[in-house]
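Novice: Structure: start00.pdb, PDB, C-alpha atoms, pLDDT in the B column.
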```pdb
ATOM      1  CA  MET A 684     -25.772  -4.994   6.506  1.00 50.00           C
ATOM      2  CA  ASP A 685     -23.212  -7.815   6.138  1.00 49.00           C
ATOM      3  CA  ASN A 686     -20.048  -8.251   8.209  1.00 44.00           C
ATOM      4  CA  GLN A 687     -17.814  -6.616   5.600  1.00 46.00           C
ATOM      5  CA  GLN A 688     -20.028  -3.524   5.472  1.00 48.00           C
ATOM      6  CA  ARG A 689     -20.104  -3.332   9.268  1.00 45.00           C
ATOM      7  CA  ALA A 690     -16.323  -3.572   9.385  1.00 49.00           C
ATOM      8  CA  HIS A 691     -16.034  -0.675   6.964  1.00 49.00           C
ATOM      9  CA  SER A 692     -18.700   1.403   8.705  1.00 44.00           C
ATOM     10  CA  TYR A 693     -17.618   1.033  12.317  1.00 44.00           C
ATOM     11  CA  ALA A 694     -14.008  -0.088  12.462  1.00 51.00           C
ATOM     12  CA  GLY A 695     -11.003   2.137  12.033  1.00 55.00           C
ATOM     13  CA  ARG A 696     -12.739   5.245  13.335  1.00 55.00           C
ATOM     14  CA  THR A 697     -10.416   7.562  15.220  1.00 48.00           C
ATOM     15  CA  SER A 698     -10.596   6.676  18.906  1.00 43.00           C
ATOM     16  CA  PRO A 699      -9.164   8.432  21.977  1.00 34.00           C
ATOM     17  CA  ALA A 700      -6.278   5.960  21.821  1.00 35.00           C
ATOM     18  CA  ALA A 701      -5.628   6.785  18.186  1.00 39.00           C
ATOM     19  CA  GLU A 702      -5.860  10.514  18.893  1.00 38.00           C
ATOM     20  CA  ASN A 703      -2.959  10.163  21.316  1.00 36.00           C
ATOM     21  CA  LEU A 704      -0.656   8.475  18.785  1.00 36.00           C
ATOM     22  CA  GLU A 705       1.007  11.727  17.798  1.00 37.00           C
ATOM     23  CA  LYS A 706       1.945  12.400  21.434  1.00 38.00           C
ATOM     24  CA  SER A 707       4.291   9.416  21.346  1.00 33.00           C
ATOM     25  CA  SER A 708       6.368  10.906  18.512  1.00 34.00           C
ATOM     26  CA  LEU A 709       9.967  11.911  19.081  1.00 32.00           C
ATOM     27  CA  PRO A 710      10.709  15.474  20.251  1.00 35.00           C
ATOM     28  CA  PRO A 711      10.652  18.236  17.633  1.00 42.00           C
ATOM     29  CA  ALA A 712      13.729  18.569  15.466  1.00 40.00           C
ATOM     30  CA  THR A 713      16.554  20.412  17.123  1.00 39.00           C
ATOM     31  CA  GLN A 714      17.501  21.964  13.785  1.00 46.00           C
ATOM     32  CA  PRO A 715      14.192  22.917  12.123  1.00 41.00           C
ATOM     33  CA  SER A 716      15.980  24.936   9.456  1.00 47.00           C
ATOM     34  CA  SER A 717      17.999  21.974   8.146  1.00 87.00           C
ATOM     35  CA  VAL A 718      17.381  21.219   4.487  1.00 87.00           C
ATOM     36  CA  ILE A 719      18.161  18.118   2.432  1.00 85.00           C
ATOM     37  CA  ALA A 720      17.849  18.399  -1.355  1.00 84.00           C
ATOM     38  CA  GLY A 721      15.221  21.127  -1.083  1.00 88.00           C
ATOM     39  CA  TYR A 722      13.165  19.479   1.664  1.00 92.00           C
ATOM     40  CA  ARG A 723      13.048  21.196   5.054  1.00 93.00           C
ATOM     41  CA  LEU A 724      13.321  18.890   8.071  1.00 93.00           C
ATOM     42  CA  LEU A 725      10.454  19.534  10.473  1.00 94.00           C
ATOM     43  CA  LYS A 726      10.257  16.671  12.946  1.00 93.00           C
ATOM     44  CA  ALA A 727      11.991  13.356  13.615  1.00 92.00           C
ATOM     45  CA  LEU A 728       9.431  10.548  13.420  1.00 91.00           C
ATOM     46  CA  GLY A 729      11.613   7.515  14.122  1.00 85.00           C
ATOM     47  CA  SER A 730      14.983   5.889  13.611  1.00 81.00           C
ATOM     48  CA  GLY A 731      16.568   2.499  12.960  1.00 72.00           C
ATOM     49  CA  THR A 732      19.852   0.877  12.052  1.00 70.00           C
ATOM     50  CA  MET A 733      19.668   2.094   8.446  1.00 77.00           C
ATOM     51  CA  GLY A 734      18.609   5.658   9.066  1.00 81.00           C
ATOM     52  CA  GLU A 735      15.895   8.015  10.236  1.00 89.00           C
ATOM     53  CA  VAL A 736      12.401   9.019   9.153  1.00 92.00           C
ATOM     54  CA  TRP A 737      11.520  12.711   9.216  1.00 94.00           C
ATOM     55  CA  LYS A 738       8.482  14.822   8.567  1.00 95.00           C
ATOM     56  CA  VAL A 739       9.569  17.258   5.855  1.00 96.00           C
ATOM     57  CA  ALA A 740       8.118  20.028   3.716  1.00 96.00           C
ATOM     58  CA  ASP A 741       8.917  21.199   0.204  1.00 94.00           C
ATOM     59  CA  SER A 742       9.204  24.850  -0.862  1.00 93.00           C
ATOM     60  CA  ARG A 743       5.425  25.090  -1.231  1.00 94.00           C
ATOM     61  CA  GLY A 744       4.742  23.755   2.237  1.00 95.00           C
ATOM     62  CA  ASN A 745       3.532  20.327   1.108  1.00 96.00           C
ATOM     63  CA  LEU A 746       4.189  17.694   3.769  1.00 97.00           C
ATOM     64  CA  TYR A 747       6.010  14.419   3.141  1.00 97.00           C
ATOM     65  CA  ALA A 748       7.931  11.781   5.050  1.00 96.00           C
ATOM     66  CA  ALA A 749      11.620  11.324   4.256  1.00 94.00           C
ATOM     67  CA  LYS A 750      13.399   8.039   4.958  1.00 91.00           C
ATOM     68  CA  ILE A 751      17.008   9.206   5.226  1.00 90.00           C
ATOM     69  CA  LEU A 752      19.840   6.706   4.900  1.00 85.00           C
ATOM     70  CA  ARG A 753      22.612   7.284   7.410  1.00 76.00           C
ATOM     71  CA  SER A 754      25.558   9.142   5.868  1.00 73.00           C
ATOM     72  CA  LYS A 755      28.092   6.413   6.652  1.00 72.00           C
ATOM     73  CA  LEU A 756      25.865   3.897   4.836  1.00 75.00           C
ATOM     74  CA  ALA A 757      24.969   6.099   1.869  1.00 70.00           C
ATOM     75  CA  ILE A 758      28.522   5.805   0.534  1.00 68.00           C
ATOM     76  CA  LYS A 759      28.473   1.993   0.558  1.00 73.00           C
ATOM     77  CA  PRO A 760      27.510   0.784  -2.951  1.00 73.00           C
ATOM     78  CA  GLY A 761      25.609  -2.330  -1.835  1.00 76.00           C
ATOM     79  CA  ILE A 762      23.474  -0.543   0.724  1.00 76.00           C
ATOM     80  CA  ALA A 763      22.821   2.399  -1.584  1.00 77.00           C
ATOM     81  CA  GLN A 764      21.711  -0.023  -4.301  1.00 78.00           C
ATOM     82  CA  ARG A 765      19.329  -1.709  -1.862  1.00 78.00           C
ATOM     83  CA  PHE A 766      17.919   1.723  -0.960  1.00 79.00           C
ATOM     84  CA  ARG A 767      17.324   2.497  -4.636  1.00 82.00           C
ATOM     85  CA  MET A 768      15.677  -0.902  -5.084  1.00 82.00           C
ATOM     86  CA  GLU A 769      13.236  -0.119  -2.293  1.00 83.00           C
ATOM     87  CA  LYS A 770      12.206   3.059  -4.076  1.00 83.00           C
ATOM     88  CA  ASP A 771      11.879   1.258  -7.425  1.00 84.00           C
ATOM     89  CA  LEU A 772       9.756  -1.506  -5.895  1.00 85.00           C
ATOM     90  CA  VAL A 773       7.232   0.798  -4.270  1.00 85.00           C
ATOM     91  CA  THR A 774       6.853   3.159  -7.229  1.00 86.00           C
ATOM     92  CA  ARG A 775       5.474   0.221  -9.232  1.00 85.00           C
ATOM     93  CA  VAL A 776       2.484   0.017  -6.892  1.00 91.00           C
ATOM     94  CA  ARG A 777      -0.300   2.585  -6.569  1.00 93.00           C
ATOM     95  CA  HIS A 778      -3.004   1.736  -4.055  1.00 96.00           C
ATOM     96  CA  GLN A 779      -4.771   3.502  -1.201  1.00 96.00           C
ATOM     97  CA  ASN A 780      -3.475   0.872   1.235  1.00 98.00           C
ATOM     98  CA  VAL A 781       0.191   1.202   0.203  1.00 97.00           C
ATOM     99  CA  VAL A 782       2.319   4.184   1.203  1.00 96.00           C
ATOM    100  CA  GLU A 783       3.094   6.156  -1.935  1.00 95.00           C
ATOM    101  CA  VAL A 784       6.702   6.953  -2.849  1.00 92.00           C
ATOM    102  CA  TYR A 785       7.398  10.093  -4.855  1.00 92.00           C
ATOM    103  CA  ASP A 786      11.124  10.532  -5.270  1.00 89.00           C
ATOM    104  CA  LEU A 787      14.650   9.485  -4.403  1.00 89.00           C
ATOM    105  CA  VAL A 788      16.966  12.384  -3.621  1.00 87.00           C
ATOM    106  CA  GLN A 789      20.706  12.258  -3.147  1.00 82.00           C
ATOM    107  CA  THR A 790      23.351  14.652  -1.886  1.00 78.00           C
ATOM    108  CA  PRO A 791      27.076  14.022  -1.417  1.00 75.00           C
ATOM    109  CA  GLU A 792      26.312  12.860   2.144  1.00 77.00           C
ATOM    110  CA  TYR A 793      22.746  11.570   2.161  1.00 81.00           C
ATOM    111  CA  MET A 794      20.169   9.547   0.278  1.00 86.00           C
ATOM    112  CA  ALA A 795      16.485   9.915   1.064  1.00 90.00           C
ATOM    113  CA  ILE A 796      13.247   8.378  -0.139  1.00 91.00           C
ATOM    114  CA  ILE A 797      10.465  10.961  -0.237  1.00 94.00           C
ATOM    115  CA  MET A 798       7.114   9.363   0.471  1.00 94.00           C
ATOM    116  CA  GLU A 799       3.576   9.978   1.604  1.00 96.00           C
ATOM    117  CA  TYR A 800       3.223  11.506   5.055  1.00 97.00           C
ATOM    118  CA  THR A 801       0.838   9.687   7.381  1.00 96.00           C
ATOM    119  CA  ASP A 802      -0.380  11.324  10.557  1.00 94.00           C
ATOM    120  CA  GLY A 803      -1.906   8.470  12.567  1.00 95.00           C
ATOM    121  CA  GLY A 804       1.119   6.543  13.845  1.00 94.00           C
ATOM    122  CA  ASP A 805       1.292   2.834  13.070  1.00 96.00           C
ATOM    123  CA  LEU A 806      -0.693  -0.287  13.860  1.00 97.00           C
ATOM    124  CA  GLY A 807       1.885  -1.456  16.391  1.00 96.00           C
ATOM    125  CA  GLU A 808       1.469   1.731  18.416  1.00 96.00           C
ATOM    126  CA  LEU A 809      -2.303   1.413  18.285  1.00 97.00           C
ATOM    127  CA  LEU A 810      -2.137  -2.196  19.448  1.00 97.00           C
ATOM    128  CA  LYS A 811       0.223  -1.265  22.281  1.00 96.00           C
ATOM    129  CA  LYS A 812      -2.192   1.381  23.525  1.00 96.00           C
ATOM    130  CA  ARG A 813      -5.309  -0.783  23.301  1.00 96.00           C
ATOM    131  CA  GLY A 814      -3.874  -4.184  24.175  1.00 96.00           C
ATOM    132  CA  THR A 815      -6.255  -5.957  21.794  1.00 97.00           C
ATOM    133  CA  LEU A 816      -8.706  -4.765  19.154  1.00 97.00           C
ATOM    134  CA  LEU A 817     -12.379  -5.534  18.771  1.00 97.00           C
ATOM    135  CA  PRO A 818     -13.022  -8.179  16.090  1.00 97.00           C
ATOM    136  CA  LEU A 819     -14.543  -5.655  13.670  1.00 97.00           C
ATOM    137  CA  ASP A 820     -11.551  -3.341  14.110  1.00 97.00           C
ATOM    138  CA  ALA A 821      -9.122  -6.218  13.496  1.00 98.00           C
ATOM    139  CA  ILE A 822     -11.074  -7.265  10.403  1.00 98.00           C
ATOM    140  CA  TYR A 823     -11.119  -3.700   9.094  1.00 98.00           C
ATOM    141  CA  TYR A 824      -7.345  -3.252   9.345  1.00 98.00           C
ATOM    142  CA  CYS A 825      -6.523  -6.691   7.952  1.00 98.00           C
ATOM    143  CA  MET A 826      -8.940  -6.192   5.041  1.00 98.00           C
ATOM    144  CA  GLY A 827      -7.032  -3.007   4.203  1.00 98.00           C
ATOM    145  CA  ILE A 828      -3.675  -4.786   4.427  1.00 98.00           C
ATOM    146  CA  ALA A 829      -4.965  -7.623   2.229  1.00 98.00           C
ATOM    147  CA  ALA A 830      -6.234  -5.089  -0.312  1.00 98.00           C
ATOM    148  CA  GLY A 831      -2.772  -3.493  -0.418  1.00 97.00           C
ATOM    149  CA  LEU A 832      -1.031  -6.840  -0.801  1.00 97.00           C
ATOM    150  CA  SER A 833      -3.035  -7.678  -3.910  1.00 97.00           C
ATOM    151  CA  PRO A 834      -1.361  -5.125  -6.247  1.00 96.00           C
ATOM    152  CA  ILE A 835       2.002  -5.714  -4.539  1.00 95.00           C
ATOM    153  CA  HIS A 836       1.882  -9.409  -5.391  1.00 95.00           C
ATOM    154  CA  HIS A 837       0.422  -8.714  -8.831  1.00 93.00           C
ATOM    155  CA  ALA A 838       3.500  -6.573  -9.516  1.00 91.00           C
ATOM    156  CA  GLY A 839       5.692  -9.571  -8.670  1.00 91.00           C
ATOM    157  CA  ILE A 840       6.837  -8.313  -5.257  1.00 92.00           C
ATOM    158  CA  VAL A 841       7.004 -10.067  -1.891  1.00 93.00           C
ATOM    159  CA  HIS A 842       7.174  -7.678   1.084  1.00 93.00           C
ATOM    160  CA  ARG A 843       8.835 -10.199   3.468  1.00 91.00           C
ATOM    161  CA  ASP A 844       8.537  -8.021   6.585  1.00 93.00           C
ATOM    162  CA  LEU A 845       4.853  -7.476   7.301  1.00 96.00           C
ATOM    163  CA  LYS A 846       4.267  -6.603  10.955  1.00 96.00           C
ATOM    164  CA  PRO A 847       2.136  -4.047  12.835  1.00 97.00           C
ATOM    165  CA  SER A 848       4.892  -1.422  13.009  1.00 94.00           C
ATOM    166  CA  ASN A 849       5.182  -1.508   9.191  1.00 95.00           C
ATOM    167  CA  ILE A 850       1.494  -0.691   8.779  1.00 97.00           C
ATOM    168  CA  LEU A 851       1.158   3.092   8.919  1.00 97.00           C
ATOM    169  CA  LEU A 852      -2.179   4.756   9.661  1.00 98.00           C
ATOM    170  CA  LYS A 853      -3.468   7.849   7.888  1.00 97.00           C
ATOM    171  CA  ARG A 854      -6.372   9.929   9.107  1.00 96.00           C
ATOM    172  CA  GLN A 855      -9.008  10.165   6.411  1.00 93.00           C
ATOM    173  CA  GLY A 856     -12.391  11.542   7.387  1.00 89.00           C
ATOM    174  CA  GLY A 857     -13.259   9.820  10.654  1.00 90.00           C
ATOM    175  CA  TYR A 858     -11.153   6.746   9.918  1.00 92.00           C
ATOM    176  CA  LEU A 859      -7.589   5.542  10.189  1.00 97.00           C
ATOM    177  CA  VAL A 860      -6.617   4.002   6.852  1.00 98.00           C
ATOM    178  CA  PRO A 861      -3.944   1.259   7.032  1.00 98.00           C
ATOM    179  CA  LYS A 862      -1.054   1.602   4.592  1.00 98.00           C
ATOM    180  CA  ILE A 863       1.694  -0.956   3.989  1.00 97.00           C
ATOM    181  CA  ALA A 864       5.146   0.620   4.367  1.00 94.00           C
ATOM    182  CA  ASP A 865       8.869  -0.189   4.642  1.00 90.00           C
ATOM    183  CA  PHE A 866       9.850  -2.269   1.622  1.00 89.00           C
ATOM    184  CA  GLY A 867      13.488  -2.510   2.722  1.00 84.00           C
ATOM    185  CA  LEU A 868      13.415  -6.333   2.653  1.00 85.00           C
ATOM    186  CA  ALA A 869      11.048  -6.693  -0.310  1.00 85.00           C
ATOM    187  CA  ARG A 870      12.156  -8.617  -3.384  1.00 84.00           C
ATOM    188  CA  TRP A 871      11.083  -9.086  -6.982  1.00 79.00           C
ATOM    189  CA  ILE A 872       9.607 -12.462  -7.820  1.00 74.00           C
ATOM    190  CA  ASP A 873       7.713 -14.075 -10.625  1.00 54.00           C
ATOM    191  CA  PRO A 874       4.328 -14.559  -8.885  1.00 45.00           C
ATOM    192  CA  ARG A 875       4.026 -18.034 -10.453  1.00 45.00           C
ATOM    193  CA  TYR A 876       7.130 -19.327  -8.716  1.00 43.00           C
ATOM    194  CA  GLU A 877       9.006 -19.247  -5.427  1.00 42.00           C
ATOM    195  CA  ILE A 878      12.381 -17.601  -5.039  1.00 45.00           C
ATOM    196  CA  GLN A 879      15.155 -19.318  -3.139  1.00 43.00           C
ATOM    197  CA  THR A 880      17.067 -17.553  -0.400  1.00 44.00           C
ATOM    198  CA  THR A 881      19.394 -18.838   2.290  1.00 40.00           C
ATOM    199  CA  LYS A 882      19.465 -15.567   4.210  1.00 48.00           C
ATOM    200  CA  ARG A 883      16.963 -15.157   7.026  1.00 48.00           C
ATOM    201  CA  SER A 884      15.629 -11.592   6.876  1.00 53.00           C
ATOM    202  CA  GLY A 885      12.594 -10.285   8.648  1.00 59.00           C
ATOM    203  CA  THR A 886      11.069 -10.215  12.121  1.00 76.00           C
ATOM    204  CA  PRO A 887      11.022 -13.762  13.553  1.00 83.00           C
ATOM    205  CA  TYR A 888       7.563 -13.736  15.154  1.00 88.00           C
ATOM    206  CA  TYR A 889       5.956 -12.830  11.805  1.00 92.00           C
ATOM    207  CA  MET A 890       8.134 -14.977   9.526  1.00 88.00           C
ATOM    208  CA  ALA A 891       6.567 -17.917   7.701  1.00 87.00           C
ATOM    209  CA  PRO A 892       8.129 -21.371   8.249  1.00 85.00           C
ATOM    210  CA  GLU A 893       9.809 -21.297   4.832  1.00 81.00           C
ATOM    211  CA  MET A 894      11.591 -18.057   5.793  1.00 81.00           C
ATOM    212  CA  ILE A 895      12.689 -19.489   9.132  1.00 77.00           C
ATOM    213  CA  GLU A 896      14.229 -22.419   7.247  1.00 77.00           C
ATOM    214  CA  GLY A 897      15.760 -20.281   4.506  1.00 75.00           C
ATOM    215  CA  ARG A 898      13.682 -21.924   1.782  1.00 76.00           C
ATOM    216  CA  GLY A 899      11.810 -20.346  -1.108  1.00 77.00           C
ATOM    217  CA  VAL A 900       9.352 -17.527  -0.489  1.00 84.00           C
ATOM    218  CA  SER A 901       6.296 -16.454  -2.445  1.00 89.00           C
ATOM    219  CA  SER A 902       3.212 -14.323  -1.999  1.00 92.00           C
ATOM    220  CA  LYS A 903       2.044 -16.957   0.503  1.00 93.00           C
ATOM    221  CA  THR A 904       4.826 -15.777   2.792  1.00 93.00           C
ATOM    222  CA  ASP A 905       3.135 -12.387   3.177  1.00 96.00           C
ATOM    223  CA  ILE A 906      -0.278 -14.016   3.648  1.00 96.00           C
ATOM    224  CA  TYR A 907       1.140 -16.004   6.561  1.00 95.00           C
ATOM    225  CA  SER A 908       2.442 -12.774   8.143  1.00 96.00           C
ATOM    226  CA  LEU A 909      -0.973 -11.182   7.689  1.00 98.00           C
ATOM    227  CA  GLY A 910      -2.514 -14.117   9.572  1.00 97.00           C
ATOM    228  CA  VAL A 911      -0.077 -13.537  12.434  1.00 96.00           C
ATOM    229  CA  ILE A 912      -1.040  -9.853  12.512  1.00 98.00           C
ATOM    230  CA  LEU A 913      -4.740 -10.739  12.693  1.00 98.00           C
ATOM    231  CA  TYR A 914      -4.051 -13.174  15.547  1.00 97.00           C
ATOM    232  CA  GLU A 915      -2.062 -10.537  17.428  1.00 97.00           C
ATOM    233  CA  LEU A 916      -4.706  -7.838  16.962  1.00 98.00           C
ATOM    234  CA  LEU A 917      -7.298 -10.158  18.490  1.00 98.00           C
ATOM    235  CA  CYS A 918      -5.191 -11.806  21.215  1.00 97.00           C
ATOM    236  CA  GLY A 919      -2.540  -9.214  22.023  1.00 96.00           C
ATOM    237  CA  ILE A 920       0.303 -11.672  21.419  1.00 93.00           C
ATOM    238  CA  THR A 921       1.792 -13.480  18.435  1.00 92.00           C
ATOM    239  CA  PRO A 922       1.005 -17.211  18.117  1.00 89.00           C
ATOM    240  CA  PHE A 923       4.666 -18.308  18.296  1.00 81.00           C
ATOM    241  CA  ARG A 924       7.517 -16.815  20.281  1.00 71.00           C
ATOM    242  CA  GLY A 925      11.157 -17.729  20.676  1.00 61.00           C
ATOM    243  CA  SER A 926      14.488 -17.729  18.848  1.00 58.00           C
ATOM    244  CA  VAL A 927      14.795 -18.345  15.128  1.00 54.00           C
ATOM    245  CA  GLY A 928      17.290 -21.132  15.617  1.00 53.00           C
ATOM    246  CA  GLY A 929      15.235 -23.592  17.644  1.00 55.00           C
ATOM    247  CA  GLU A 930      12.200 -22.590  19.627  1.00 51.00           C
ATOM    248  CA  LEU A 931      10.151 -21.209  16.737  1.00 55.00           C
ATOM    249  CA  LYS A 932      10.760 -24.323  14.633  1.00 54.00           C
ATOM    250  CA  HIS A 933       9.715 -26.506  17.578  1.00 49.00           C
ATOM    251  CA  GLN A 934       6.474 -24.564  17.938  1.00 54.00           C
ATOM    252  CA  PHE A 935       5.797 -24.722  14.204  1.00 54.00           C
ATOM    253  CA  TYR A 936       6.231 -28.471  13.942  1.00 57.00           C
ATOM    254  CA  GLY A 937       5.781 -29.775  17.497  1.00 59.00           C
ATOM    255  CA  ASN A 938       7.743 -32.926  18.228  1.00 52.00           C
ATOM    256  CA  ASN A 939       7.808 -34.115  14.626  1.00 52.00           C
TER
END
```
What is this file in structure tokens?

Specialist:
Amino acid sequence: MDNQQRAHSYAGRTSPAAENLEKSSLPPATQPSSVIAGYRLLKALGSGTMGEVWKVADSRGNLYAAKILRSKLAIKPGIAQRFRMEKDLVTRVRHQNVVEVYDLVQTPEYMAIIMEYTDGGDLGELLKKRGTLLPLDAIYYCMGIAAGLSPIHHAGIVHRDLKPSNILLKRQGGYLVPKIADFGLARWIDPRYEIQTTKRSGTPYYMAPEMIEGRGVSSKTDIYSLGVILYELLCGITPFRGSVGGELKHQFYGNN
């Protein structure tokens, strides 16, 4: 059996640490009967500056995750357009290692992306619980992420914000399957060329040098972030740390 087969056979199996991921979720919804566009809110899964993610169910009891844009942001044309773009980007990609998006719903007060529900937490939570992963486990998860990036890049998309917390885990058999999620910063590109941007967007520790400097990005930008993830899974820390303005650049390039 070669290394790749061993990684598939042994890594990613549900461990005691992974079994406890659900216990770290937010408390149950205080208004379980609340409904948005026909989807019943069951449980708050997380929140951020743009909105919240909820576990929801349709009228038939099918479970989904809903990324709900905050009401005060949903009425702003630019932000709403960006939210729609995220949905359009992800619906172009169908792969077992990419979270599937099903619909975009809108009410007078809310916008929500309805997507695949995953029940295993995320890679960041798993790493926090374990500290570091065994090499075969790290290889298994990064192979899954790389497999998901392939159709993303083929579709002319750069994710631009790959990090452990954006890799959701779904229980499937005895394994936790990694799935790339959160395309809020993703952009269309022609895969043959780089796109130019002067705006720094992303999480500094996982950003490629060209993003730190505000230069062009390409599919290589995501590959760099994947390398950082692999390093962190093995070592428990990212290779570079510091502020975007100075310290990270110094670590990238030394004294040159």

Novice: Report, in Å to a single decimal, how far apart CA of Tyr800 in chain A and CA of Leu746 in chain A are.

Specialist: 6.4 Å

Novice: Of the candidates A:Val782, A:Val776, A:Ala821, A:Leu909, which one gets nearest to Asp844 in chain A if we count only C-alpha atoms?

Specialist: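 Comparing A:Val782, A:Val776, A:Ala821, A:Leu909 against Asp844 in chain A, the winner is A:Leu909.
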
Novice: So what do you get for CA of Leu832 in chain A versus CA of Ile863 in chain A, distance-wise?

Specialist: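 One can read the CA of Leu832 in chain A to CA of Ile863 in chain A distance as 8.1 Å.
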
Novice: Given the file above and the PyMOL selection byres ((chain A and resi 771) around 12), which residues are selected, and can you give them as a short mmCIF file (atom, residue, chain, number, x, y, z; two decimals) with C-alpha atoms, keeping the file's coordinate frame?

Specialist:
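Full text of result_26.cif as output:
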```
data_model
loop_
_atom_site.label_atom_id
_atom_site.label_comp_id
_atom_site.auth_asym_id
_atom_site.auth_seq_id
_atom_site.Cartn_x
_atom_site.Cartn_y
_atom_site.Cartn_z
CA GLN A 764 21.71 -0.02 -4.30
CA ARG A 765 19.33 -1.71 -1.86
CA PHE A 766 17.92 1.72 -0.96
CA ARG A 767 17.32 2.50 -4.64
CA MET A 768 15.68 -0.90 -5.08
CA GLU A 769 13.24 -0.12 -2.29
CA LYS A 770 12.21 3.06 -4.08
CA LEU A 772 9.76 -1.51 -5.90
CA VAL A 773 7.23 0.80 -4.27
CA THR A 774 6.85 3.16 -7.23
CA ARG A 775 5.47 0.22 -9.23
CA VAL A 776 2.48 0.02 -6.89
CA GLU A 783 3.09 6.16 -1.94
CA VAL A 784 6.70 6.95 -2.85
CA TYR A 785 7.40 10.09 -4.86
CA ASP A 786 11.12 10.53 -5.27
CA LEU A 787 14.65 9.48 -4.40
CA ILE A 796 13.25 8.38 -0.14
CA ALA A 838 3.50 -6.57 -9.52
CA ILE A 840 6.84 -8.31 -5.26
CA PHE A 866 9.85 -2.27 1.62
CA GLY A 867 13.49 -2.51 2.72
CA ALA A 869 11.05 -6.69 -0.31
CA ARG A 870 12.16 -8.62 -3.38
CA TRP A 871 11.08 -9.09 -6.98
#
```

Novice: For the structure shown, which residues end up in the PyMOL selection byres ((chain A and resi 849) around 9)? Put them as a ChimeraX atom specification, please?

Specialist: /A:805-807,844-848,850-851,862-866

Novice: So what does the PyMOL selection byres ((chain A and resi 916-921) around 10) actually pick up in this one, as a VMD selection string?

Specialist: chain A and resid 806 to 807 809 to 811 813 to 822 824 to 825 847 888 to 889 910 to 915 922 to 924

Novice: How far is it from CA of Lys738 in chain A to CA of Leu725 in chain A, in Å with one decimal?

Specialist: 5.5 Å

Novice: Here is a test: counting only C-alpha atoms, which residue of A:Ser717, A:Ser833, A:Gln779, A:Thr732 is nearest to Lys903 in chain A?

Specialist: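 For Lys903 in chain A, the nearest of the candidates is A:Ser833.
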
Novice: From the options A:Gly721, A:Pro887, A:Pro834, A:Pro861, which residue's atoms come nearest to Thr790 in chain A, counting only C-alpha atoms?

Specialist: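 For Thr790 in chain A, the nearest of the candidates is A:Gly721.
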
Novice: So that I can see what lies close to Lys755 in chain A, please list as a PDB file with C-alpha atoms, in the frame of the given file the residues with an atom at most 9 Å from it, counting all atoms listed in the file and leaving out residues fewer than 3 positions away in the same chain.

Specialist:
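Now in selection-v2.pdb:
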```
ATOM      1  CA  LEU A 752      19.840   6.706   4.900  1.00 85.00           C
ATOM      2  CA  ILE A 758      28.522   5.805   0.534  1.00 68.00           C
ATOM      3  CA  LYS A 759      28.473   1.993   0.558  1.00 73.00           C
ATOM      4  CA  GLU A 792      26.312  12.860   2.144  1.00 77.00           C
ATOM      5  CA  TYR A 793      22.746  11.570   2.161  1.00 81.00           C
TER       6      TYR A 793
END
```

Novice: List the spatial neighbours of range 747-750 of chain A as a ChimeraX atom specification - criterion: any atom at most 9 Å away, all atoms listed in the file, same-chain residues fewer than 2 positions off excluded.

Specialist: /A:722,724,728,734-741,745,752,794-801

Novice: Show me, as a list in words, the residues that have an atom within 10 Å of Val860 in chain A when counting only C-alpha atoms, minus same-chain residues fewer than 3 positions from it.

Specialist: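 Answer for this query is Gly695, Arg696, Thr697, Gln779, Asn780, Val781, Thr801, Gly803, Tyr823, Tyr824, Gly827, Ile828, Ile850, Leu851, Leu852, Lys853, Arg854, Gln855, Gly856 and Gly857 of chain A.
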